[in-house]
Each structure stands twice: as C-alpha cells, then as structure tokens.
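**Q** The structure under discussion is supplied below as structure tokens; questions concerning it will follow.
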Amino acid sequence: MTEQPVVANLQYAGDYRDRLEKAQKSGQCIFCTPEFQTDTSKLIASYRAWFARKNDFPTKDADGEYPEHHILIVSKRHERWFDEILEPDWFDIMALCRIVRNTLDISGGGLAIRFDEPLWSGQTILHLHFHLIVPRIVPDPQNPGKSKSVPVYFPIG
Amino acid sequence: MMQKPKTTKKLVNIAGAKDRPQYLSTLKEIARSGVCPLCTKTMRWHTKPILKRYRGWLITENMNTYRNARHHFLLIGDKHKETLRELTSGDWSAISHLFNWAIKKYSIKGGGVAMRFGEPAYTGATVRHLHAHLIVPEFKKGRARPINFAIG
C-alpha cells in the first residue's frame with residue numbers, strides 16, 4: 001500500500017476542517033484542483049505560474065468580522081517549500097499584487113506567507129500560497145467624523 | 001460622511017506603536033528628527049547587529065521582537081522605497097536569498113514571512129520604509145506558540 005501524500009494539516013483547521021479531511025483522505029491537494037484554480041466567481045487574475053483568488057475562508061478581524069479583502073496568491077504547481085520560490089516566482093507574485101491592488105483599488109494592507117513545517121508555521125494547506133489582507137475601515141468612535149482600520153491578526157505558528 | 005484614514009508623507013506612524021510604550025518613545029524621537037530610521041545613513045536607532053548584507057539588502061534582528069517569537073528578523077533595503085511597485089526583480093532576488101540564508105543558518109523548520117504595504121494608516125506599519133519580517137515561533141511541548149502579525 002502506498003502512503004498518501006500529506007496535503008493538509010488538520011491541527012489548525014477552522015471553518016474548513018471537512019474540506020481538509022476530504023483532501024487528506026483522497027490525497028488531492030485543494031489548491032491543485034481545476035475547480036479551485038479556475039472558479040471565475042472567485043478568480044481575480046492569473047499570471048504565468050501563479051494566480052490570485054478570493055479566499056473562501058477569510059481570517060476574521062479584531063471585531064469578529066471579515067476584512068475588506070482576503071486574497072490568496074497561489075502557485076499553479078504543487079510546491080511546498082519556501083526555497084522553491086525562485087526569482088521568476090517573486091516577479092509573478094509582485095505582478096499579481098499590482099493587478100489585485102489596481103482591480104480592487106487597495107490603499108494598503110499586508111502580504112504574508114506561512115512556510116515549511118506546518119507544526120511550526122500553522123499552515124493548513126501544504127501548497128505555497130501568500131495571503132494579501134486588507135483591513136476594514138470603520139468610523140472611529142473616539143474621533144467623530146474620522147475613521148480607523150480594524151486589525152486582522154494573521155497567526156504564525 | 002466618514003473620512004478615510006488620513007494619508008501622510010510622515011516617515012513613521014506613531015499610532016502603530018501606541019500599545020508599546022518604549023517603542024512609542026523611540027518613534028516620537030525619530031519623528032522629531034525628520035529622518036528615516038531604516039535608511040542606511042540614518043539607521044542610528046537600530047542597535048542590533050547586521051547579520052548579513054546582500055545586493056542592497058540586509059538582515060538583522062528586530063529591536064521589538066513580537067511575543068512568542070523565537071526568531072524575529074527584519075529584511076531592510078538600503079534604498080528608501082515605500083511601495084511594492086518600487087521593488088525590482090533584483091530586490092526580490094536579494095530578499096529571497098537572505099530569507100533562505102537565514103532559514104539555513106538558524107536551522108529554521110517553519111514560520112512566517114510578512115510585510116505591510118501602502119498607507120500606514122491602513123496597515124498599522126510604524127515605519128514607511130518597506131521591510132519584511134521573518135518570524136519563527138517559540139516551540140514548547142510539541143506545539144508552536146502562535147504569533148499574531150497585525151495588519152491594520
């Protein structure tokens with residue numbers, strides 16, 4: 001009997017545990033499926049070896065709401081390790097960041113990746129992907145008429 | 001009508017350090033000086049050693065290591081750049097080289113890489129000069145102790 005490839009880390013699974021369990025059982029990486037890579041209702045842009053897509057399960061912000069945007073920038077190839085991101089990949093990732101910023105009119109946010117061993121990083125889907133997160137802007141109760149961003153705490157580990 | 005967060009050209013964002021009194025005091029001093037604390041010629045507030053330089057970038061330890069971090073490195077470019085679009089493929093090549101150098105040098109098994117970009121009022125960044133964080137959690141009793149990287 002051949003061992004199933006490890007494609008998901010169930011330890012940190014939140015809202016999408018059932019999807020991770022199914023992926024782990026089948027050995028089919030969620031990010032590698034054609035449905036995931038080409039779903040036009042979620043896809044924002046595709047550029048050479050990477051694509052940008054809305055996250056199905058955005059990280060909630062400090063107020064328990066979803067952020068303004070939570071985009072995944074995902075490698076089209078199934079790659080797992082940080083040192084597999086080569087110079088052309090960085091170029092593609094940055095090109096996608098620019099496209100996403102222009103498409104969604106983003107003024108600022110954060111770009112983050114969890115890498116390598118999931119026990120250390122907290123990564124749940126073991127396929128290289130970046131998170132581009134844009135916080136919500138809300139009225140600031142302490143400064144009437146002004147606004148503030150609501151932080152999103154991106155967990156590492 | 002709600003105003004959008006104020007955008008400024010200030011080199012540091014004091015509001016981003018309001019929960020860290022010591023860092024706040026340093027940032028106020030930097031703001032008064034009117035210089036960028038991460039540009040090579042004016043990097044005088046950063047007293048941690050430079051661990052390695054490579055093609056216009058350096059890696060060093062963060063002065064304000066986040067709670068639960070075993071390692072917290074900053075990657076900083078020599079040139080003052082503030083937006084992602086200013087980074088060239090040469091910059092990314094250097095950044096990637098330094099990340100991979102640190103991962104090998106410190107036998108890092110896993111962690112996170114993160115950077116804030118754009119208006120600090122939206123991102124919570126304290127310094128406008130683009131920089132990337134390489135963060136490795138503390139690991140105890142078979143589990144990593146999570147670090148929350150704030151965006152916003």
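Naming scheme: A, B, ... for chains in displayed order of the structure tokens; residues 1 onward per chain; ligands 1 onward as shown.
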With only C-alpha atoms counted and 6 Å as the cut-off, give the residues of chain A in contact with chain B, each with its shortest interatomic distance in Å and the pair that gives it, as CSV.
**A**
```
residue,atom,partner,partner_atom,distance
A:Glu87,CA,B:Ser93,CA,5.5
A:Phe91,CA,B:Ser89,CA,6.0
A:Ser107,CA,B:Gly118,CA,5.8
A:Gly108,CA,B:Gly118,CA,3.9
A:Gly109,CA,B:Thr123,CA,4.9
A:Gly110,CA,B:Arg116,CA,4.2
A:Leu111,CA,B:Met115,CA,5.4
A:Ala112,CA,B:Ala114,CA,4.0
A:Ile113,CA,B:Val113,CA,5.3
A:Arg114,CA,B:Gly112,CA,4.3
A:Phe115,CA,B:Gly110,CA,5.5
A:Asp116,CA,B:Gly110,CA,4.7
A:Glu117,CA,B:Gly110,CA,4.8
A:Trp120,CA,B:Gly110,CA,4.9
A:Ser121,CA,B:Gly111,CA,4.1
A:Pro135,CA,B:Gly152,CA,5.6
A:Gly145,CA,B:Met2,CA,5.4
A:Lys146,CA,B:Gln3,CA,5.1
A:Ser147,CA,B:Pro5,CA,5.5
A:Lys148,CA,B:Pro5,CA,5.9
A:Ser149,CA,B:Gly152,CA,5.3
A:Val150,CA,B:Gly152,CA,5.7
A:Pro151,CA,B:Gly152,CA,4.0
A:Val152,CA,B:Ile151,CA,5.1
A:Tyr153,CA,B:Ala150,CA,4.5
A:Phe154,CA,B:Phe149,CA,4.9
A:Pro155,CA,B:Asn148,CA,4.6
A:Ile156,CA,B:Ile147,CA,5.1
A:Gly157,CA,B:Pro146,CA,4.3
```
**Q** May I have the selected residues written with C-alpha atoms, as a PDB file, in the first residue's frame?
**A**
```pdb
ATOM      1  CA  GLU A  87      13.217  34.677  -8.821  1.00  0.00           C
ATOM      2  CA  PHE A  91       8.213  38.521 -10.185  1.00  0.00           C
ATOM      3  CA  SER A 107      -4.670  51.613  -0.457  1.00  0.00           C
ATOM      4  CA  GLY A 108      -2.718  49.350   1.858  1.00  0.00           C
ATOM      5  CA  GLY A 109      -2.606  46.052   3.681  1.00  0.00           C
ATOM      6  CA  GLY A 110      -0.365  43.131   4.393  1.00  0.00           C
ATOM      7  CA  LEU A 111       1.220  40.300   2.458  1.00  0.00           C
ATOM      8  CA  ALA A 112       2.120  37.156   4.383  1.00  0.00           C
ATOM      9  CA  ILE A 113       3.055  33.511   3.926  1.00  0.00           C
ATOM     10  CA  ARG A 114       3.449  30.620   6.328  1.00  0.00           C
ATOM     11  CA  PHE A 115       6.232  28.346   5.221  1.00  0.00           C
ATOM     12  CA  ASP A 116       7.729  24.873   5.589  1.00  0.00           C
ATOM     13  CA  GLU A 117       6.833  22.587   8.518  1.00  0.00           C
ATOM     14  CA  TRP A 120       5.880  25.395  13.235  1.00  0.00           C
ATOM     15  CA  SER A 121       4.118  27.666  10.773  1.00  0.00           C
ATOM     16  CA  PRO A 135      -8.410  45.539   6.774  1.00  0.00           C
ATOM     17  CA  GLY A 145     -16.129  62.075  11.672  1.00  0.00           C
ATOM     18  CA  LYS A 146     -12.861  60.193  11.304  1.00  0.00           C
ATOM     19  CA  SER A 147     -12.143  56.553  10.599  1.00  0.00           C
ATOM     20  CA  LYS A 148      -9.732  53.796  11.548  1.00  0.00           C
ATOM     21  CA  SER A 149      -8.727  50.360  10.326  1.00  0.00           C
ATOM     22  CA  VAL A 150      -9.754  47.208  12.196  1.00  0.00           C
ATOM     23  CA  PRO A 151      -6.711  44.979  12.605  1.00  0.00           C
ATOM     24  CA  VAL A 152      -6.550  41.433  11.299  1.00  0.00           C
ATOM     25  CA  TYR A 153      -4.251  39.228  13.351  1.00  0.00           C
ATOM     26  CA  PHE A 154      -2.567  36.829  10.975  1.00  0.00           C
ATOM     27  CA  PRO A 155      -1.416  33.824  13.035  1.00  0.00           C
ATOM     28  CA  ILE A 156       2.043  32.334  12.580  1.00  0.00           C
ATOM     29  CA  GLY A 157       2.521  29.082  14.444  1.00  0.00           C
TER      30      GLY A 157
END
```
**Q** Which residues are near B:His46? Cut-off 12 Å, only C-alpha atoms, ignore same chain within fewer than 5 positions. Put them as an MDAnalysis selection string.
**A** chainID B and resid 23 26:27 30 36:41 60:64 74 76
**Q** Would you kindly return, as a ChimeraX atom specification, each protein, DNA or RNA residue with an atom no farther than 6 Å from any atom of B:His129, considering only C-alpha atoms and excluding same-chain residues fewer than 2 positions away?
**A** /B:80-82,127
**Q** What is the atom CA of A:Lys76-atom CA of A:Trp50 distance in Å, reported with one decimal?
**A** 5.2 Å
**Q** Return the single residue from A:Arg17, A:Lys54, A:Leu126, A:Gly27 that is closest to A:Thr40, with distances computed using only C-alpha atoms.
**A**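 Residue with the minimum atom-to-atom distance to A:Thr40: A:Lys54.
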**Q** Can you check which residues of stretch 15-157 of chain A DSSP gives as alpha helix (DSSP H) on the backbone and send them as a ChimeraX atom specification?
**A** /A:17-26,34-38,87-104,118-121
**Q** Quick one: write out the picked residues with N, CA and C atoms as an mmCIF file, in the first residue's frame?
**A**
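Okay, selection38.cif is ready:
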```cif
data_model
loop_
_atom_site.group_PDB
_atom_site.id
_atom_site.type_symbol
_atom_site.label_atom_id
_atom_site.label_comp_id
_atom_site.auth_asym_id
_atom_site.auth_seq_id
_atom_site.Cartn_x
_atom_site.Cartn_y
_atom_site.Cartn_z
ATOM 1 N N ARG A 17 -12.488 22.444 8.180
ATOM 2 C CA ARG A 17 -11.925 21.160 8.583
ATOM 3 C C ARG A 17 -12.402 20.023 7.668
ATOM 4 N N ASP A 18 -13.722 20.042 7.314
ATOM 5 C CA ASP A 18 -14.248 18.947 6.490
ATOM 6 C C ASP A 18 -13.553 18.905 5.127
ATOM 7 N N ARG A 19 -13.241 20.077 4.587
ATOM 8 C CA ARG A 19 -12.558 20.110 3.287
ATOM 9 C C ARG A 19 -11.132 19.565 3.409
ATOM 10 N N LEU A 20 -10.503 19.891 4.511
ATOM 11 C CA LEU A 20 -9.129 19.402 4.726
ATOM 12 C C LEU A 20 -9.134 17.886 4.921
ATOM 13 N N GLU A 21 -10.107 17.405 5.663
ATOM 14 C CA GLU A 21 -10.176 15.951 5.913
ATOM 15 C C GLU A 21 -10.387 15.201 4.597
ATOM 16 N N LYS A 22 -11.263 15.752 3.769
ATOM 17 C CA LYS A 22 -11.535 15.119 2.470
ATOM 18 C C LYS A 22 -10.259 15.116 1.605
ATOM 19 N N ALA A 23 -9.546 16.239 1.626
ATOM 20 C CA ALA A 23 -8.310 16.341 0.854
ATOM 21 C C ALA A 23 -7.270 15.347 1.356
ATOM 22 N N GLN A 24 -7.180 15.246 2.659
ATOM 23 C CA GLN A 24 -6.186 14.353 3.245
ATOM 24 C C GLN A 24 -6.502 12.897 2.910
ATOM 25 N N LYS A 25 -7.781 12.554 2.957
ATOM 26 C CA LYS A 25 -8.188 11.171 2.646
ATOM 27 C C LYS A 25 -7.920 10.827 1.191
ATOM 28 N N SER A 26 -8.241 11.765 0.313
ATOM 29 C CA SER A 26 -8.102 11.485 -1.123
ATOM 30 C C SER A 26 -6.679 11.697 -1.623
ATOM 31 N N PRO A 34 -8.721 21.748 -10.581
ATOM 32 C CA PRO A 34 -9.124 22.728 -11.608
ATOM 33 C C PRO A 34 -10.249 23.636 -11.108
ATOM 34 N N GLU A 35 -11.188 23.076 -10.301
ATOM 35 C CA GLU A 35 -12.286 23.909 -9.787
ATOM 36 C C GLU A 35 -11.732 25.088 -8.990
ATOM 37 N N PHE A 36 -10.720 24.807 -8.176
ATOM 38 C CA PHE A 36 -10.168 25.872 -7.341
ATOM 39 C C PHE A 36 -9.424 26.905 -8.198
ATOM 40 N N GLN A 37 -8.680 26.418 -9.173
ATOM 41 C CA GLN A 37 -7.822 27.327 -9.948
ATOM 42 C C GLN A 37 -8.596 28.132 -10.990
ATOM 43 N N THR A 38 -9.794 27.669 -11.356
ATOM 44 C CA THR A 38 -10.476 28.340 -12.466
ATOM 45 C C THR A 38 -11.883 28.852 -12.123
ATOM 46 N N GLU A 87 13.319 33.260 -8.413
ATOM 47 C CA GLU A 87 13.217 34.677 -8.821
ATOM 48 C C GLU A 87 12.018 34.939 -9.749
ATOM 49 N N PRO A 88 11.779 34.101 -10.762
ATOM 50 C CA PRO A 88 10.610 34.370 -11.614
ATOM 51 C C PRO A 88 9.293 34.308 -10.842
ATOM 52 N N ASP A 89 9.255 33.454 -9.810
ATOM 53 C CA ASP A 89 8.041 33.381 -8.995
ATOM 54 C C ASP A 89 7.793 34.709 -8.270
ATOM 55 N N TRP A 90 8.858 35.277 -7.682
ATOM 56 C CA TRP A 90 8.704 36.562 -6.983
ATOM 57 C C TRP A 90 8.166 37.620 -7.950
ATOM 58 N N PHE A 91 8.665 37.560 -9.165
ATOM 59 C CA PHE A 91 8.213 38.521 -10.185
ATOM 60 C C PHE A 91 6.709 38.344 -10.434
ATOM 61 N N ASP A 92 6.263 37.099 -10.568
ATOM 62 C CA ASP A 92 4.843 36.807 -10.798
ATOM 63 C C ASP A 92 3.979 37.247 -9.606
ATOM 64 N N ILE A 93 4.472 36.966 -8.424
ATOM 65 C CA ILE A 93 3.718 37.313 -7.204
ATOM 66 C C ILE A 93 3.531 38.827 -7.118
ATOM 67 N N MET A 94 4.607 39.555 -7.403
ATOM 68 C CA MET A 94 4.514 41.023 -7.345
ATOM 69 C C MET A 94 3.603 41.566 -8.446
ATOM 70 N N ALA A 95 3.664 40.942 -9.612
ATOM 71 C CA ALA A 95 2.777 41.369 -10.705
ATOM 72 C C ALA A 95 1.320 41.169 -10.278
ATOM 73 N N LEU A 96 1.046 40.041 -9.640
ATOM 74 C CA LEU A 96 -0.323 39.776 -9.181
ATOM 75 C C LEU A 96 -0.744 40.754 -8.080
ATOM 76 N N CYS A 97 0.195 41.092 -7.200
ATOM 77 C CA CYS A 97 -0.126 42.089 -6.158
ATOM 78 C C CYS A 97 -0.539 43.405 -6.816
ATOM 79 N N ARG A 98 0.196 43.793 -7.838
ATOM 80 C CA ARG A 98 -0.134 45.058 -8.542
ATOM 81 C C ARG A 98 -1.522 44.965 -9.179
ATOM 82 N N ILE A 99 -1.784 43.825 -9.842
ATOM 83 C CA ILE A 99 -3.084 43.662 -10.514
ATOM 84 C C ILE A 99 -4.218 43.709 -9.483
ATOM 85 N N VAL A 100 -4.015 43.001 -8.382
ATOM 86 C CA VAL A 100 -5.051 42.962 -7.341
ATOM 87 C C VAL A 100 -5.274 44.364 -6.768
ATOM 88 N N ARG A 101 -4.182 45.068 -6.499
ATOM 89 C CA ARG A 101 -4.302 46.428 -5.939
ATOM 90 C C ARG A 101 -5.081 47.330 -6.881
ATOM 91 N N ASN A 102 -4.767 47.240 -8.178
ATOM 92 C CA ASN A 102 -5.463 48.096 -9.152
ATOM 93 C C ASN A 102 -6.922 47.677 -9.317
ATOM 94 N N THR A 103 -7.144 46.366 -9.400
ATOM 95 C CA THR A 103 -8.506 45.857 -9.621
ATOM 96 C C THR A 103 -9.423 46.212 -8.457
ATOM 97 N N LEU A 104 -8.914 46.070 -7.245
ATOM 98 C CA LEU A 104 -9.763 46.267 -6.069
ATOM 99 C C LEU A 104 -9.559 47.636 -5.412
ATOM 100 N N PRO A 118 4.406 22.555 8.882
ATOM 101 C CA PRO A 118 3.150 23.123 9.384
ATOM 102 C C PRO A 118 3.044 23.168 10.904
ATOM 103 N N LEU A 119 3.741 22.266 11.566
ATOM 104 C CA LEU A 119 3.716 22.268 13.031
ATOM 105 C C LEU A 119 4.304 23.567 13.573
ATOM 106 N N TRP A 120 5.238 24.134 12.836
ATOM 107 C CA TRP A 120 5.880 25.395 13.235
ATOM 108 C C TRP A 120 5.149 26.608 12.670
ATOM 109 N N SER A 121 4.643 26.477 11.467
ATOM 110 C CA SER A 121 4.118 27.666 10.773
ATOM 111 C C SER A 121 2.614 27.861 10.989
#
```
